[in-house]
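Student: query-v4.csv is reproduced in full below (CSV, C-alpha atoms).
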chain,number,residue,atom,x,y,z
A,25,MET,CA,-7.3,15.5,14.4
A,26,LEU,CA,-5.1,12.6,13.3
A,27,ARG,CA,-6.9,9.3,13.1
A,28,PRO,CA,-6.1,5.7,12.1
A,29,ARG,CA,-6.7,5.1,8.4
A,30,ILE,CA,-8.3,1.9,7.0
A,31,ILE,CA,-7.1,1.5,3.4
A,32,PRO,CA,-8.0,-0.9,0.7
A,33,CYS,CA,-5.0,-1.9,-1.5
A,34,LEU,CA,-5.7,-3.0,-5.1
A,35,LEU,CA,-3.3,-4.8,-7.3
A,36,ILE,CA,-3.3,-4.3,-11.1
A,37,HIS,CA,-2.0,-7.1,-13.4
A,38,ASP,CA,-2.6,-7.4,-17.1
A,39,LYS,CA,-5.0,-4.4,-16.6
A,40,GLY,CA,-7.2,-6.5,-14.3
A,41,LEU,CA,-7.7,-6.5,-10.6
A,42,VAL,CA,-5.9,-9.4,-8.9
A,43,LYS,CA,-5.0,-10.7,-5.5
A,44,THR,CA,-1.7,-12.5,-4.8
A,45,GLN,CA,-0.5,-14.8,-2.0
A,46,GLN,CA,3.1,-14.2,-1.0
A,47,PHE,CA,3.4,-12.1,-4.1
A,48,LYS,CA,2.7,-15.2,-6.3
A,49,ASN,CA,-0.3,-16.7,-8.2
A,50,PRO,CA,-2.3,-13.6,-9.0
A,51,ARG,CA,-6.0,-14.4,-9.0
A,52,TYR,CA,-8.1,-12.4,-11.3
A,53,LEU,CA,-11.0,-10.6,-9.6
A,54,GLY,CA,-12.5,-8.3,-12.2
A,55,ASP,CA,-12.4,-4.7,-13.5
A,56,PRO,CA,-10.4,-2.4,-11.1
A,57,MET,CA,-12.6,0.5,-12.1
A,58,ASN,CA,-15.7,-1.3,-10.8
A,59,ALA,CA,-14.0,-1.9,-7.5
A,60,VAL,CA,-13.1,1.8,-7.3
A,61,ARG,CA,-16.7,2.7,-7.9
A,62,ILE,CA,-17.9,0.4,-5.1
A,63,PHE,CA,-15.3,1.8,-2.7
A,64,ASN,CA,-16.5,5.3,-3.6
A,65,GLU,CA,-19.9,4.4,-2.4
A,66,LYS,CA,-18.5,2.9,0.8
A,67,GLU,CA,-16.6,6.2,1.5
A,68,VAL,CA,-13.2,4.6,2.2
A,69,ASP,CA,-10.6,6.7,3.9
A,70,GLU,CA,-8.2,6.4,1.0
A,71,ILE,CA,-7.1,3.8,-1.6
A,72,ILE,CA,-3.8,2.4,-2.8
A,73,VAL,CA,-3.5,1.1,-6.3
A,74,LEU,CA,-0.4,-0.7,-7.3
A,75,ASP,CA,0.5,-1.7,-10.9
A,76,ILE,CA,2.6,-4.8,-10.2
A,77,ASP,CA,3.6,-5.2,-13.9
A,78,ALA,CA,5.3,-1.9,-14.6
A,79,THR,CA,8.6,-2.3,-12.8
A,80,VAL,CA,8.9,-6.0,-13.7
A,81,ASP,CA,8.3,-5.2,-17.4
A,82,GLY,CA,10.6,-2.2,-17.3
A,83,ARG,CA,8.0,0.1,-18.7
A,84,ASP,CA,6.5,3.5,-17.9
A,85,PRO,CA,3.4,3.9,-15.8
A,86,ASP,CA,0.1,3.4,-17.7
A,87,PHE,CA,-0.9,7.1,-17.7
A,88,LYS,CA,-4.2,6.4,-19.4
A,89,MET,CA,-5.2,4.0,-16.7
A,90,ILE,CA,-4.0,6.3,-14.0
A,91,GLU,CA,-6.1,9.1,-15.5
A,92,HIS,CA,-9.2,6.9,-15.5
A,93,LEU,CA,-8.5,5.9,-11.9
A,94,ALA,CA,-8.1,9.5,-10.8
A,95,GLU,CA,-11.4,10.5,-12.6
A,96,GLU,CA,-13.3,7.7,-10.9
A,97,CYS,CA,-11.9,8.1,-7.4
A,98,ARG,CA,-13.8,10.2,-4.9
A,99,MET,CA,-11.4,9.3,-2.1
A,100,PRO,CA,-7.6,10.2,-1.9
A,101,LEU,CA,-5.7,8.0,-4.3
A,102,CYS,CA,-2.2,6.7,-3.9
A,103,TYR,CA,-0.8,5.1,-7.1
A,104,GLY,CA,2.4,3.1,-7.4
A,105,GLY,CA,4.2,1.2,-10.1
A,106,GLY,CA,7.0,2.0,-12.5
A,107,VAL,CA,7.7,5.6,-11.4
A,108,THR,CA,11.4,6.3,-11.8
A,109,THR,CA,11.7,10.0,-12.8
A,110,VAL,CA,10.6,13.4,-11.6
A,111,GLU,CA,8.8,14.0,-14.9
A,112,GLN,CA,6.7,10.9,-14.5
A,113,ALA,CA,5.7,11.8,-11.0
A,114,GLN,CA,4.8,15.4,-12.1
A,115,ARG,CA,2.6,14.0,-14.8
A,116,ILE,CA,0.8,11.6,-12.5
A,117,PHE,CA,0.2,14.4,-9.9
A,118,SER,CA,-1.2,16.5,-12.8
A,119,LEU,CA,-3.8,13.8,-13.5
A,120,GLY,CA,-5.3,14.3,-10.0
A,121,VAL,CA,-3.4,11.6,-7.9
A,122,GLU,CA,-2.8,12.7,-4.3
A,123,LYS,CA,0.1,10.4,-3.5
A,124,ILE,CA,2.7,8.4,-5.4
A,125,ALA,CA,4.1,5.2,-4.0
A,126,PHE,CA,7.8,4.4,-4.8
A,127,SER,CA,9.6,1.1,-4.3
A,128,ALA,CA,12.3,0.0,-6.7
A,129,GLY,CA,12.5,3.5,-8.2
A,130,ALA,CA,13.4,5.0,-4.8
A,131,ILE,CA,15.7,2.2,-3.7
A,132,ASN,CA,17.6,2.3,-7.0
A,133,ASN,CA,17.8,6.1,-6.9
A,134,PRO,CA,17.2,7.5,-3.4
A,135,ASN,CA,17.7,11.1,-4.6
A,136,LEU,CA,14.5,10.8,-6.5
A,137,ILE,CA,12.6,11.2,-3.3
A,138,SER,CA,14.3,14.4,-2.3
A,139,GLU,CA,14.0,15.8,-5.9
A,140,ILE,CA,10.2,15.2,-5.9
A,141,ALA,CA,9.8,16.4,-2.3
A,142,GLU,CA,11.4,19.7,-3.3
A,143,LYS,CA,8.8,20.2,-6.0
A,144,VAL,CA,5.5,18.9,-4.5
A,145,GLY,CA,6.2,18.5,-0.8
A,146,SER,CA,6.8,15.4,1.3
A,147,GLN,CA,3.1,14.8,2.1
A,148,SER,CA,2.6,13.3,-1.4
A,149,ILE,CA,5.5,10.9,-1.3
A,150,VAL,CA,5.1,7.3,-0.1
A,151,VAL,CA,7.8,4.7,0.0
A,152,VAL,CA,6.7,1.1,0.0
A,153,LEU,CA,9.2,-1.4,1.4
A,154,ASP,CA,8.4,-5.1,0.5
A,155,VAL,CA,9.8,-7.2,3.3
A,156,LYS,CA,10.6,-10.9,3.6
A,157,LYS,CA,11.9,-12.6,6.7
A,158,LYS,CA,15.4,-14.0,6.4
A,159,LEU,CA,16.0,-17.7,7.3
A,160,PHE,CA,18.2,-16.9,10.2
A,161,GLY,CA,16.6,-13.7,11.4
A,162,GLY,CA,16.3,-10.2,10.2
A,163,TYR,CA,14.5,-8.9,7.1
A,164,ASP,CA,15.2,-8.8,3.4
A,165,VAL,CA,13.9,-5.8,1.4
A,166,CYS,CA,12.9,-6.9,-2.1
A,167,THR,CA,11.7,-5.3,-5.4
A,168,HIS,CA,10.2,-6.6,-8.6
A,169,ASN,CA,7.3,-8.4,-6.9
A,170,GLY,CA,9.6,-10.0,-4.3
A,171,LYS,CA,11.9,-11.5,-6.9
A,172,LYS,CA,15.0,-9.3,-6.4
A,173,SER,CA,16.7,-8.9,-3.0
A,174,THR,CA,18.1,-5.4,-2.5
A,175,GLY,CA,20.6,-6.6,0.2
A,176,LYS,CA,19.8,-3.5,2.1
A,177,SER,CA,18.8,-3.1,5.8
A,178,LEU,CA,15.1,-2.4,6.3
A,179,PHE,CA,15.7,-0.1,9.2
A,180,GLU,CA,18.5,1.8,7.5
A,181,LEU,CA,16.3,2.4,4.5
A,182,ILE,CA,13.4,3.7,6.7
A,183,ARG,CA,15.8,6.2,8.3
A,184,GLN,CA,17.3,7.2,4.9
A,185,PHE,CA,14.0,7.8,3.2
A,186,GLU,CA,12.8,9.9,6.2
A,187,LYS,CA,15.9,12.1,5.9
A,188,LEU,CA,15.4,12.4,2.1
A,189,GLY,CA,11.9,13.8,2.4
A,190,ALA,CA,9.4,10.9,2.2
A,191,GLY,CA,6.1,11.6,3.8
A,192,GLU,CA,4.9,8.1,4.6
A,193,ILE,CA,6.3,4.6,4.8
A,194,VAL,CA,4.4,1.5,3.9
A,195,ILE,CA,5.7,-1.8,5.3
A,196,ASN,CA,4.4,-4.6,3.1
A,197,SER,CA,5.0,-8.1,4.4
A,198,ILE,CA,5.6,-10.6,1.6
A,199,ASP,CA,5.3,-13.6,4.0
A,200,LYS,CA,1.9,-12.4,5.2
A,201,ASP,CA,0.5,-11.3,1.8
A,202,GLY,CA,-2.8,-13.0,1.3
A,203,ASP,CA,-2.7,-15.3,4.3
A,204,MET,CA,-5.4,-13.4,6.2
A,205,LYS,CA,-4.0,-14.4,9.6
A,206,GLY,CA,-3.2,-11.1,11.0
A,207,TYR,CA,-0.4,-8.5,10.5
A,208,ASP,CA,3.2,-9.1,11.4
A,209,MET,CA,3.2,-7.1,14.6
A,210,LYS,CA,6.9,-7.6,15.3
A,211,LEU,CA,7.8,-6.3,11.9
A,212,ILE,CA,5.6,-3.2,12.3
A,213,GLU,CA,6.9,-2.6,15.8
A,214,GLY,CA,10.5,-2.6,14.5
A,215,ALA,CA,9.6,-0.2,11.8
A,216,ARG,CA,7.7,2.1,14.1
A,217,LYS,CA,10.7,2.6,16.3
A,218,GLU,CA,12.8,3.8,13.4
A,219,THR,CA,10.6,6.7,12.2
A,220,THR,CA,8.3,9.4,13.2
A,221,LEU,CA,6.7,9.5,9.8
A,222,PRO,CA,3.1,8.2,9.2
A,223,LEU,CA,3.4,4.5,8.9
A,224,THR,CA,1.1,2.0,7.1
A,225,ALA,CA,1.0,-1.7,7.5
A,226,LEU,CA,0.1,-4.0,4.7
A,227,GLY,CA,-0.1,-7.8,4.5
A,228,GLY,CA,-2.0,-10.3,6.6
A,229,ALA,CA,-5.3,-8.7,7.6
A,230,GLY,CA,-8.2,-11.2,7.5
A,231,THR,CA,-10.8,-9.6,9.8
A,232,LEU,CA,-11.7,-6.2,11.1
A,233,ASP,CA,-10.4,-7.4,14.5
A,234,ASP,CA,-6.9,-7.7,12.9
A,235,VAL,CA,-7.2,-4.1,11.9
A,236,GLY,CA,-8.4,-3.2,15.4
A,237,GLU,CA,-5.5,-5.0,17.0
A,238,LEU,CA,-3.1,-3.1,14.8
A,239,ILE,CA,-4.7,0.2,15.9
A,240,ASN,CA,-4.8,-0.9,19.5
A,241,LYS,CA,-1.0,-1.5,19.5
A,242,PHE,CA,0.2,1.4,17.4
A,243,GLY,CA,-2.6,4.0,17.6
A,244,ILE,CA,-2.4,6.5,14.7
A,245,ILE,CA,-1.4,4.1,11.9
A,246,GLY,CA,-2.5,3.2,8.4
A,247,ALA,CA,-4.1,-0.3,8.3
A,248,ALA,CA,-4.0,-1.4,4.6
A,249,ALA,CA,-5.4,-4.6,3.3
A,250,GLY,CA,-6.1,-6.4,0.1
A,251,SER,CA,-7.8,-9.8,0.7
A,252,LEU,CA,-9.9,-8.4,3.6
A,253,PHE,CA,-11.7,-6.0,1.3
A,254,VAL,CA,-12.1,-8.1,-1.8
A,255,PHE,CA,-13.0,-11.6,-0.4
A,256,LYS,CA,-15.8,-12.8,1.8
A,257,GLY,CA,-16.0,-16.1,3.8
A,258,LYS,CA,-13.8,-19.2,4.0
A,259,LEU,CA,-14.1,-19.9,0.3
A,260,LYS,CA,-12.9,-16.4,-0.5
A,261,ALA,CA,-15.8,-15.5,-2.7
A,262,VAL,CA,-15.2,-12.2,-4.5
A,263,LEU,CA,-17.1,-9.4,-2.8
A,264,ILE,CA,-15.9,-5.8,-2.5
A,265,ASN,CA,-16.5,-4.7,1.1
A,266,TYR,CA,-15.6,-2.1,3.6
A,267,PRO,CA,-17.0,-1.2,7.1
A,268,ASN,CA,-19.7,1.5,7.1
A,269,PHE,CA,-19.2,4.7,8.9
A,270,LEU,CA,-20.7,3.6,12.2
A,271,ASP,CA,-18.9,0.2,12.2
A,272,LYS,CA,-15.6,1.9,11.5
A,273,GLU,CA,-16.1,4.5,14.3
A,274,SER,CA,-17.1,1.7,16.6
A,275,LEU,CA,-14.0,-0.3,15.7
A,276,ILE,CA,-11.7,2.6,16.2
A,277,LYS,CA,-13.3,3.6,19.6
A,278,LYS,CA,-13.1,0.0,20.7
A,279,TYR,CA,-9.4,-0.4,20.0
A,280,LEU,CA,-7.9,3.1,20.1
For this file, produce the structure as structure tokens.
Tutor:
Amino acid sequence: MLRPRIIPCLLIHDKGLVKTQQFKNPRYLGDPMNAVRIFNEKEVDEIIVLDIDATVDGRDPDFKMIEHLAEECRMPLCYGGGVTTVEQAQRIFSLGVEKIAFSAGAINNPNLISEIAEKVGSQSIVVVLDVKKKLFGGYDVCTHNGKKSTGKSLFELIRQFEKLGAGEIVINSIDKDGDMKGYDMKLIEGARKETTLPLTALGGAGTLDDVGELINKFGIIGAAAGSLFVFKGKLKAVLINYPNFLDKESLIKKYL
């Protein structure tokens, strides 16, 4: 039975766990492996880990780090960052990663998605679209941590990647990143209308009620968050957290 997924998203910068706000000012939070171990104990639905340096630095994925992540994770792992070739993707899958997230690599070379889908199946391919509101309406899709505008239509990209064989789309709101004031519902609604693929929202969740409202509006959806699961309280003290099984079930039943 398909269910909503509640997904921590971890950002890796200079080999450390960080949290950004509007893709800027990364705040160091600690060792990402420690966070993964805690999330293991909390039995999270799945986890997304994004290396935010790889594409910007123009380097290959850190395969050693990915191997350590895969060894530690007892939940499904989605890794993203610097993947631009079929060979890199195959190597990452061989390390035990269940899904790979593509952003700049897919936008710069859309055929990469179809080539990998032919080899491993669509279910393992996630496309992350980092989205910023334009001044006079509409949305700008960006890469390189929001620094480069692609000039491409968000909704056209969603349709294109579905046709090419992507298995999931993640809509990551740059404007909402780290603000903890709720998801951009209008953005997610627009994306939902364009695809039948599994859809995950990222950016803006500050409370479990924000997650619940997303589930209430869209039903079977991925509710991803960074700040919500690494901070606690108004002063944003660092505390890895996640709802226990009963709380999660209660939340889903309340809003679904």
Student: Do you have the CA of Ile116 (chain A)-CA of Cys102 (chain A) distance handy?
Tutor: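 Distance reported for this atom pair: 10.3 Å.
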Student: So how far away is CA of Asp164 (chain A) from CA of Ser177 (chain A), in Å?
Tutor: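 Interatomic distance here is 7.2 Å.
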Student: Just to confirm, what's the straight-line distance from CA of Phe255 (chain A) to CA of Arg29 (chain A) in Å (one decimal)?
Tutor: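 Separating CA of Phe255 (chain A) from CA of Arg29 (chain A) is a distance of 19.9 Å.
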Student: I'd like to know which of A:Lys43, A:Arg27, A:Lys171, A:Lys123 is closest to Gly227 (chain A), using only C-alpha atoms.
Tutor: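 Looking at the shortest contact to Gly227 (chain A), the residue is A:Lys43.
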Student: Within 8 Å of Tyr279 (chain A), counting all atoms listed in the file, which residues show up once you throw out same-chain ones fewer than 4 positions away? Write them as an NGL selection string, please.
Tutor: :A and (236-237 or 239-240 or 275)
Student: Pick out the closest residue to Val68 (chain A) from this set: A:Ser197, A:Ala215, A:Met99, A:Phe47. Count only C-alpha atoms.
Tutor: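 The answer is A:Met99, which sits nearest to Val68 (chain A).
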Student: When you count all atoms listed in the file, which of these residues is closest to Gly228 (chain A): A:Gln46, A:Ile140, A:Val73, A:Arg51?
Tutor: A:Gln46
Student: Calculate, to one decimal in Å, the centre and edge lengths of the box along x, y and z of the file that holds all listed atoms of region 242-259 of chain A with 3 Å of margin on each side, and present them as JSON.
Tutor:
{"center_x": -7.9, "center_y": -6.7, "center_z": 7.9, "size_x": 22.2, "size_y": 32.4, "size_z": 25.4}
Student: Env of Lys210 (chain A): 12 Å cut, atoms = all atoms listed in the file, seq-sep filter 2 positions within chain, self excluded. Answer as a count of residues only.
Tutor: 18
Student: Contacts of His37 (chain A) at 7 Å or less, counting all atoms listed in the file, minus same-chain residues fewer than 3 places along, as a ChimeraX atom specification?
Tutor: /A:40-42,75-77
Student: Looking at A:Gln45, A:Ser138, A:Ser148, A:Asn132, which one is nearest to Gly104 (chain A), with distances taken over all atoms listed in the file?
Tutor: A:Ser148
Student: Can you tell me which residues surround region 189-191 of chain A at a distance of at most 7 Å, considering all atoms listed in the file, apart from same-chain residues fewer than 3 positions away, and format the answer as an MDAnalysis selection string?
Tutor: chainID A and resid 137:138 141 146:151 185:186 221
Student: Write a file of the just-selected residues containing C-alpha atoms, as a PDB file, in the coordinates of the input.
Tutor:
ATOM      1  CA  ILE A 137      12.600  11.200  -3.300  1.00  0.00           C
ATOM      2  CA  SER A 138      14.300  14.400  -2.300  1.00  0.00           C
ATOM      3  CA  ALA A 141       9.800  16.400  -2.300  1.00  0.00           C
ATOM      4  CA  SER A 146       6.800  15.400   1.300  1.00  0.00           C
ATOM      5  CA  GLN A 147       3.100  14.800   2.100  1.00  0.00           C
ATOM      6  CA  SER A 148       2.600  13.300  -1.400  1.00  0.00           C
ATOM      7  CA  ILE A 149       5.500  10.900  -1.300  1.00  0.00           C
ATOM      8  CA  VAL A 150       5.100   7.300  -0.100  1.00  0.00           C
ATOM      9  CA  VAL A 151       7.800   4.700   0.000  1.00  0.00           C
ATOM     10  CA  PHE A 185      14.000   7.800   3.200  1.00  0.00           C
ATOM     11  CA  GLU A 186      12.800   9.900   6.200  1.00  0.00           C
ATOM     12  CA  LEU A 221       6.700   9.500   9.800  1.00  0.00           C
TER      13      LEU A 221
END
Student: Would you kindly return, as a ChimeraX atom specification, each protein, DNA or RNA residue with an atom no farther than 12 Å from any atom of Lys260 (chain A), considering only C-alpha atoms and excluding same-chain residues fewer than 4 positions away?
Tutor: /A:43,51,53,202-204,230,251-256,264
